[in-house]
file coords-v8.cif (mmCIF, C-alpha atoms)
data_work
#
loop_
_atom_site.label_atom_id
_atom_site.label_comp_id
_atom_site.auth_asym_id
_atom_site.auth_seq_id
_atom_site.Cartn_x
_atom_site.Cartn_y
_atom_site.Cartn_z
CA MET A 1 -13.08 8.06 28.09
CA ARG A 2 -14.62 4.80 29.19
CA PRO A 3 -12.68 1.62 28.40
CA ILE A 4 -15.53 0.21 26.31
CA ALA A 5 -15.69 3.34 24.13
CA PHE A 6 -11.91 3.32 23.72
CA LEU A 7 -11.99 -0.31 22.57
CA PHE A 8 -14.78 0.54 20.16
CA LEU A 9 -12.70 3.34 18.63
CA ILE A 10 -9.70 1.08 18.28
CA GLY A 11 -11.89 -1.48 16.53
CA CYS A 12 -12.89 1.16 13.98
CA GLN A 13 -9.32 1.63 12.81
CA GLY A 14 -8.20 -0.06 9.62
CA PRO A 15 -5.53 -2.75 9.63
CA LEU A 16 -2.05 -1.60 10.62
CA ASP A 17 -0.56 -2.81 7.36
CA ALA A 18 -3.05 -0.92 5.19
CA PRO A 19 -1.45 1.40 2.65
CA GLY A 20 -1.03 4.92 3.99
CA THR A 21 -0.26 6.55 0.68
CA SER A 22 -2.32 9.51 -0.39
CA ALA A 23 -4.45 8.90 -3.46
CA SER A 24 -3.17 12.18 -4.91
CA LEU A 25 0.38 10.83 -5.31
CA ASP A 26 0.61 9.38 -8.79
CA PRO A 27 2.66 6.18 -9.04
CA ASN A 28 3.28 6.72 -12.77
CA PHE A 29 4.72 10.22 -12.27
CA PHE A 30 6.85 8.80 -9.49
CA ARG A 31 8.09 5.86 -11.58
CA CYS A 32 8.95 7.87 -14.68
CA ARG A 33 10.07 11.22 -13.24
CA VAL A 34 10.65 11.21 -9.49
CA GLN A 35 12.28 7.81 -9.04
CA PRO A 36 15.17 8.64 -11.41
CA VAL A 37 15.89 11.80 -9.38
CA VAL A 38 15.69 10.01 -6.04
CA VAL A 39 17.80 7.06 -7.23
CA LYS A 40 20.45 9.37 -8.70
CA ASN A 41 20.72 11.59 -5.64
CA CYS A 42 19.80 9.39 -2.68
CA SER A 43 20.48 5.69 -3.30
CA ALA A 44 24.21 5.42 -2.52
CA SER A 45 24.84 2.79 0.13
CA LEU A 46 25.97 5.37 2.71
CA CYS A 47 22.85 7.45 2.05
CA HIS A 48 19.41 5.94 1.59
CA GLY A 49 20.55 2.88 -0.35
CA GLY A 50 21.00 0.98 2.89
CA ALA A 51 18.43 -1.37 4.34
CA ARG A 52 18.60 0.35 7.74
CA ARG A 53 17.22 3.69 6.51
CA PHE A 54 13.57 4.63 6.89
CA LEU A 55 13.72 6.35 3.51
CA ARG A 56 15.10 3.32 1.71
CA VAL A 57 15.84 3.67 -2.00
CA TYR A 58 16.46 0.71 -4.29
CA GLY A 59 18.67 1.50 -7.26
CA ARG A 60 20.36 -0.24 -10.15
CA ASP A 61 23.83 -1.40 -9.19
CA ARG A 62 23.02 -0.46 -5.59
CA LEU A 63 20.59 -1.79 -2.98
CA ARG A 64 18.38 -4.39 -4.67
CA TYR A 65 15.49 -6.47 -3.42
CA GLY A 66 16.30 -10.17 -3.30
CA ILE A 67 19.43 -9.96 -5.44
CA ALA A 68 22.60 -11.43 -4.04
CA GLY A 69 24.72 -11.92 -7.15
CA GLU A 70 26.74 -9.09 -8.66
CA PRO A 71 25.72 -9.78 -12.30
CA GLU A 72 22.03 -9.23 -11.48
CA ARG A 73 22.45 -5.92 -9.61
CA ASN A 74 22.19 -3.82 -12.77
CA ARG A 75 19.00 -5.35 -14.15
CA ALA A 76 15.87 -3.22 -14.60
CA PHE A 77 13.79 -2.57 -11.50
CA ALA A 78 11.39 -5.25 -10.38
CA ALA A 79 7.81 -4.14 -9.70
CA ILE A 80 8.32 -4.74 -5.97
CA GLU A 81 11.31 -2.34 -5.95
CA ILE A 82 9.35 0.38 -7.74
CA GLU A 83 6.47 -0.05 -5.29
CA ALA A 84 8.86 0.01 -2.32
CA ASN A 85 10.52 3.20 -3.58
CA PHE A 86 7.10 4.78 -4.15
CA ARG A 87 5.87 3.90 -0.66
CA SER A 88 9.10 5.00 0.98
CA ALA A 89 9.10 8.39 -0.77
CA SER A 90 5.34 8.82 -0.23
CA ALA A 91 5.85 8.54 3.52
CA PHE A 92 7.85 11.79 3.37
CA VAL A 93 5.14 13.77 1.53
CA GLU A 94 2.67 15.85 3.49
CA PRO A 95 -0.54 15.68 1.41
CA ALA A 96 -2.24 18.56 3.23
CA SER A 97 0.79 20.81 2.75
CA PRO A 98 2.98 19.38 -0.03
CA ASP A 99 5.48 22.25 -0.05
CA GLN A 100 6.28 21.44 3.59
CA SER A 101 7.08 17.79 2.84
CA LEU A 102 10.28 16.33 4.24
CA LEU A 103 11.02 14.88 0.80
CA LEU A 104 11.42 18.48 -0.42
CA LEU A 105 12.95 20.13 2.63
CA LYS A 106 15.51 17.58 3.89
CA PRO A 107 17.66 17.60 0.74
CA LEU A 108 17.47 21.41 0.39
CA GLU A 109 20.22 23.60 1.87
CA THR A 110 19.19 25.11 5.20
CA ASP A 111 20.06 28.64 4.07
CA ALA A 112 17.62 28.12 1.18
CA GLY A 113 14.79 27.12 3.54
CA GLY A 114 15.57 23.42 3.91
CA TYR A 115 15.97 21.28 7.00
CA PHE A 116 19.09 19.78 8.53
CA HIS A 117 20.24 16.73 6.56
CA ARG A 118 23.03 14.59 7.96
CA GLY A 119 24.20 13.66 4.47
CA ALA A 120 25.43 17.20 3.91
CA GLU A 121 27.69 16.80 6.96
CA ILE A 122 28.86 13.28 6.17
CA PHE A 123 29.99 14.08 2.66
CA GLY A 124 31.00 17.69 3.33
CA GLN A 125 29.73 18.83 -0.07
CA GLY A 126 26.57 20.61 0.95
CA ASN A 127 23.09 19.34 0.55
CA VAL A 128 21.60 17.65 -2.51
CA PHE A 129 19.83 20.79 -3.71
CA ALA A 130 21.36 24.23 -3.21
CA LYS A 131 18.30 26.24 -4.29
CA PRO A 132 14.55 25.72 -4.11
CA ASP A 133 14.24 26.27 -7.88
CA ASP A 134 16.53 23.34 -8.76
CA PRO A 135 14.89 21.51 -11.73
CA GLU A 136 15.20 18.08 -10.08
CA LEU A 137 13.71 19.34 -6.82
CA ASP A 138 10.90 20.85 -8.89
CA ILE A 139 10.09 17.39 -10.29
CA ILE A 140 9.65 16.09 -6.74
CA ARG A 141 7.59 19.18 -5.86
CA GLN A 142 5.28 18.62 -8.86
CA TRP A 143 4.65 15.05 -7.72
CA ALA A 144 4.01 16.12 -4.11
CA ARG A 145 1.47 18.65 -5.44
CA GLY A 146 -0.38 15.93 -7.36
CA ALA A 147 1.13 15.91 -10.88
CA LYS A 148 0.00 12.97 -13.02
CA GLU A 149 1.68 10.95 -15.74
CA ASN A 150 0.24 8.61 -18.34
CA ASP A 151 0.53 4.97 -17.31
CA THR A 152 2.30 4.19 -20.59
CA CYS A 153 5.32 6.33 -19.69
CA VAL A 154 8.61 4.47 -19.81
CA GLU A 155 10.94 5.06 -16.92
CA PRO A 156 14.62 5.63 -17.67
CA GLY A 157 16.69 2.49 -17.40
CA SER A 158 13.75 0.16 -17.77
CA ASN A 159 15.21 -1.68 -20.78
CA GLU A 160 11.91 -1.15 -22.62
#
call {"tool": "encode", "arguments": {"input": "coords-v8.cif", "output": "C-alpha cells"}}
result
Amino acid sequence: MRPIAFLFLIGCQGPLDAPGTSASLDPNFFRCRVQPVVVKNCSASLCHGGARRFLRVYGRDRLRYGIAGEPERNRAFAAIEIEANFRSASAFVEPASPDQSLLLLKPLETDAGGYFHRGAEIFGQGNVFAKPDDPELDIIRQWARGAKENDTCVEPGSNE
C-alpha cells in the first residue's frame, strides 16, 4: 500500500475516544437488570472492583468514582458510575456472536463451557456460575442478545 493511501485510510477513522459500544446493547436493561448481577458477583476489591482491572465495576460500599470518605461510599450510583459500568461490561460483549462473549464465558465454569477465570483460582470456590442455565447468567445473556428495558425502570439500590 502506498504511504499516501495509508494516510488517507487512517484519516477516515473516527476519533480514538469515540464510543465503541454496540447500539444493540440497551443501557436501561443493563442498569436495571445486569448491573445488579455484575456488582453482586464481580465488584469485590480483589476482583473487578479495583481500579487496575480492565473490567472495572463500581459498586456501593466498594470502588466508587470520586468518593474518598467512608460515609459516602454507600450512596446510590452516580450517572458517571452507571455509564462506566455499562461501557466496561459492553467491552466484553461480542455483538456479532453474543453467546461467545467474554462477559458470559469468563465467569462460567470451564467444565460447563466457560473460559479460564483467575478468580476461581484465587478464591478456591469455583467460578461465579457453575452452569450455563444459571438465572443470573441468563440475565447477562439476554442483554448481550439485545434485550430491552423501559427507560423508567428503577434499578435496585437507587433510593428512588
call {"tool": "resolve_selection", "arguments": {"input": "coords-v8.cif", "expression": "the PyMOL selection byres ((chain A and resi 76-91) around 6)", "output": "JSON, numbers by chain"}}
result
{"A": [55, 57, 75, 92, 93, 158]}
call {"tool": "atom_distance", "arguments": {"input": "coords-v8.cif", "atom1": "atom CA of A:Pro36", "atom2": "atom CA of A:Tyr65"}}
result
17.1 Å
call {"tool": "residues_around", "arguments": {"input": "coords-v8.cif", "residues": "A:Pro95", "least_positions_apart": "6", "cutoff": "9 Å", "atoms": "only C-alpha atoms", "output": "ChimeraX atom specification"}}
result
/A:22,24-25,101,144-146
call {"tool": "resolve_selection", "arguments": {"input": "coords-v8.cif", "expression": "the PyMOL selection byres ((chain A and resi 111) around 12)", "output": "VMD selection string"}}
result
chain A and resid 105 to 110 112 to 116 126 to 127 129 to 132
call {"tool": "closest_residue", "arguments": {"input": "coords-v8.cif", "among": "A:Val37, A:Cys42, A:Ile67, A:Val154", "to": "A:Asp134", "atoms": "only C-alpha atoms"}}
result
A:Val37
call {"tool": "atom_distance", "arguments": {"input": "coords-v8.cif", "atom1": "atom CA of A:Leu104", "atom2": "atom CA of A:Tyr58"}}
result
18.9 Å
call {"tool": "atom_distance", "arguments": {"input": "coords-v8.cif", "atom1": "atom CA of A:Arg56", "atom2": "atom CA of A:Val128"}}
result
16.3 Å
call {"tool": "closest_residue", "arguments": {"input": "coords-v8.cif", "among": "A:Ala96, A:Ile140, A:Leu103, A:Cys47", "to": "A:Phe30", "atoms": "all atoms listed in the file"}}
result
A:Ile140
call {"tool": "decode", "arguments": {"input": "coords-v8.cif", "residues": "stretch 73-121 of chain A", "atoms": "N, CA and C atoms", "output": "compact mmCIF listing (two decimals), in the first residue's frame"}}
result
# COMPACT_ATOMS: atom_id res chain seq x y z
N ARG A 73 -19.64 6.19 50.63
CA ARG A 73 -19.41 5.02 49.78
C ARG A 73 -20.68 4.21 49.52
N ASN A 74 -21.69 4.35 50.35
CA ASN A 74 -22.91 3.56 50.18
C ASN A 74 -24.04 4.34 49.51
N ARG A 75 -23.76 5.52 49.02
CA ARG A 75 -24.82 6.29 48.35
C ARG A 75 -25.19 5.64 47.03
N ALA A 76 -26.32 6.03 46.48
CA ALA A 76 -26.78 5.50 45.18
C ALA A 76 -25.74 5.82 44.11
N PHE A 77 -25.73 5.03 43.05
CA PHE A 77 -24.78 5.24 41.97
C PHE A 77 -24.96 6.60 41.33
N ALA A 78 -23.85 7.23 40.99
CA ALA A 78 -23.87 8.44 40.19
C ALA A 78 -23.99 8.03 38.73
N ALA A 79 -24.52 8.91 37.90
CA ALA A 79 -24.68 8.60 36.48
C ALA A 79 -23.36 8.20 35.83
N ILE A 80 -22.27 8.82 36.24
CA ILE A 80 -20.97 8.50 35.64
C ILE A 80 -20.52 7.09 36.01
N GLU A 81 -20.91 6.59 37.18
CA GLU A 81 -20.58 5.22 37.57
C GLU A 81 -21.40 4.20 36.77
N ILE A 82 -22.67 4.51 36.57
CA ILE A 82 -23.52 3.62 35.77
C ILE A 82 -23.00 3.56 34.34
N GLU A 83 -22.65 4.70 33.78
CA GLU A 83 -22.11 4.74 32.42
C GLU A 83 -20.78 3.99 32.34
N ALA A 84 -19.93 4.16 33.33
CA ALA A 84 -18.64 3.46 33.34
C ALA A 84 -18.84 1.95 33.43
N ASN A 85 -19.76 1.50 34.28
CA ASN A 85 -20.05 0.07 34.38
C ASN A 85 -20.60 -0.47 33.06
N PHE A 86 -21.49 0.30 32.43
CA PHE A 86 -22.07 -0.10 31.15
C PHE A 86 -20.99 -0.24 30.08
N ARG A 87 -20.13 0.75 29.99
CA ARG A 87 -19.07 0.72 28.97
C ARG A 87 -18.08 -0.42 29.23
N SER A 88 -17.74 -0.60 30.49
CA SER A 88 -16.80 -1.66 30.85
C SER A 88 -17.37 -3.03 30.49
N ALA A 89 -18.61 -3.29 30.87
CA ALA A 89 -19.24 -4.58 30.56
C ALA A 89 -19.45 -4.73 29.05
N SER A 90 -19.83 -3.66 28.38
CA SER A 90 -20.07 -3.71 26.93
C SER A 90 -18.82 -4.12 26.16
N ALA A 91 -17.66 -3.75 26.67
CA ALA A 91 -16.41 -4.10 26.00
C ALA A 91 -16.18 -5.61 25.98
N PHE A 92 -16.88 -6.35 26.82
CA PHE A 92 -16.72 -7.81 26.89
C PHE A 92 -17.87 -8.55 26.21
N VAL A 93 -18.67 -7.82 25.43
CA VAL A 93 -19.76 -8.44 24.67
C VAL A 93 -19.38 -8.44 23.20
N GLU A 94 -19.58 -9.58 22.57
CA GLU A 94 -19.30 -9.73 21.15
C GLU A 94 -20.62 -9.58 20.39
N PRO A 95 -20.89 -8.39 19.83
CA PRO A 95 -22.19 -8.16 19.19
C PRO A 95 -22.52 -9.14 18.06
N ALA A 96 -21.53 -9.54 17.30
CA ALA A 96 -21.79 -10.45 16.18
C ALA A 96 -22.08 -11.88 16.64
N SER A 97 -21.63 -12.21 17.84
CA SER A 97 -21.81 -13.56 18.38
C SER A 97 -21.97 -13.46 19.90
N PRO A 98 -23.12 -12.96 20.35
CA PRO A 98 -23.29 -12.66 21.78
C PRO A 98 -23.06 -13.84 22.72
N ASP A 99 -23.39 -15.04 22.28
CA ASP A 99 -23.21 -16.21 23.16
C ASP A 99 -21.74 -16.57 23.35
N GLN A 100 -20.87 -15.97 22.55
CA GLN A 100 -19.43 -16.20 22.68
C GLN A 100 -18.73 -15.05 23.40
N SER A 101 -19.49 -14.18 24.02
CA SER A 101 -18.94 -13.02 24.71
C SER A 101 -18.17 -13.42 25.96
N LEU A 102 -17.06 -12.73 26.19
CA LEU A 102 -16.27 -12.98 27.39
C LEU A 102 -17.07 -12.71 28.66
N LEU A 103 -17.99 -11.77 28.60
CA LEU A 103 -18.80 -11.47 29.79
C LEU A 103 -19.64 -12.68 30.21
N LEU A 104 -19.94 -13.56 29.28
CA LEU A 104 -20.68 -14.79 29.59
C LEU A 104 -19.76 -15.97 29.89
N LEU A 105 -18.65 -16.06 29.19
CA LEU A 105 -17.82 -17.25 29.27
C LEU A 105 -16.75 -17.21 30.36
N LYS A 106 -16.23 -16.03 30.71
CA LYS A 106 -15.21 -15.96 31.75
C LYS A 106 -15.74 -16.38 33.11
N PRO A 107 -16.93 -15.96 33.51
CA PRO A 107 -17.39 -16.35 34.85
C PRO A 107 -18.06 -17.73 34.91
N LEU A 108 -18.08 -18.44 33.80
CA LEU A 108 -18.71 -19.76 33.73
C LEU A 108 -17.64 -20.84 33.92
N GLU A 109 -17.96 -21.85 34.72
CA GLU A 109 -17.02 -22.96 34.95
C GLU A 109 -16.53 -23.53 33.62
N THR A 110 -15.26 -23.88 33.56
CA THR A 110 -14.69 -24.42 32.32
C THR A 110 -15.35 -25.73 31.92
N ASP A 111 -15.69 -26.58 32.88
CA ASP A 111 -16.32 -27.85 32.51
C ASP A 111 -17.77 -27.67 32.04
N ALA A 112 -18.28 -26.44 32.15
CA ALA A 112 -19.62 -26.13 31.65
C ALA A 112 -19.53 -25.32 30.35
N GLY A 113 -18.32 -25.20 29.80
CA GLY A 113 -18.14 -24.49 28.54
C GLY A 113 -17.54 -23.11 28.68
N GLY A 114 -17.19 -22.71 29.91
CA GLY A 114 -16.62 -21.39 30.13
C GLY A 114 -15.12 -21.34 29.89
N TYR A 115 -14.56 -20.17 30.07
CA TYR A 115 -13.13 -19.95 29.89
C TYR A 115 -12.45 -19.85 31.25
N PHE A 116 -11.13 -20.01 31.23
CA PHE A 116 -10.35 -19.86 32.45
C PHE A 116 -10.60 -18.48 33.05
N HIS A 117 -10.77 -18.45 34.35
CA HIS A 117 -11.02 -17.20 35.10
C HIS A 117 -10.19 -17.25 36.36
N ARG A 118 -9.25 -16.38 36.48
CA ARG A 118 -8.31 -16.39 37.61
C ARG A 118 -9.02 -16.30 38.95
N GLY A 119 -10.14 -15.63 39.00
CA GLY A 119 -10.88 -15.51 40.25
C GLY A 119 -11.25 -16.84 40.87
N ALA A 120 -11.53 -17.82 40.04
CA ALA A 120 -11.87 -19.16 40.54
C ALA A 120 -10.69 -19.77 41.28
N GLU A 121 -9.48 -19.49 40.79
CA GLU A 121 -8.26 -19.97 41.45
C GLU A 121 -7.98 -19.19 42.73
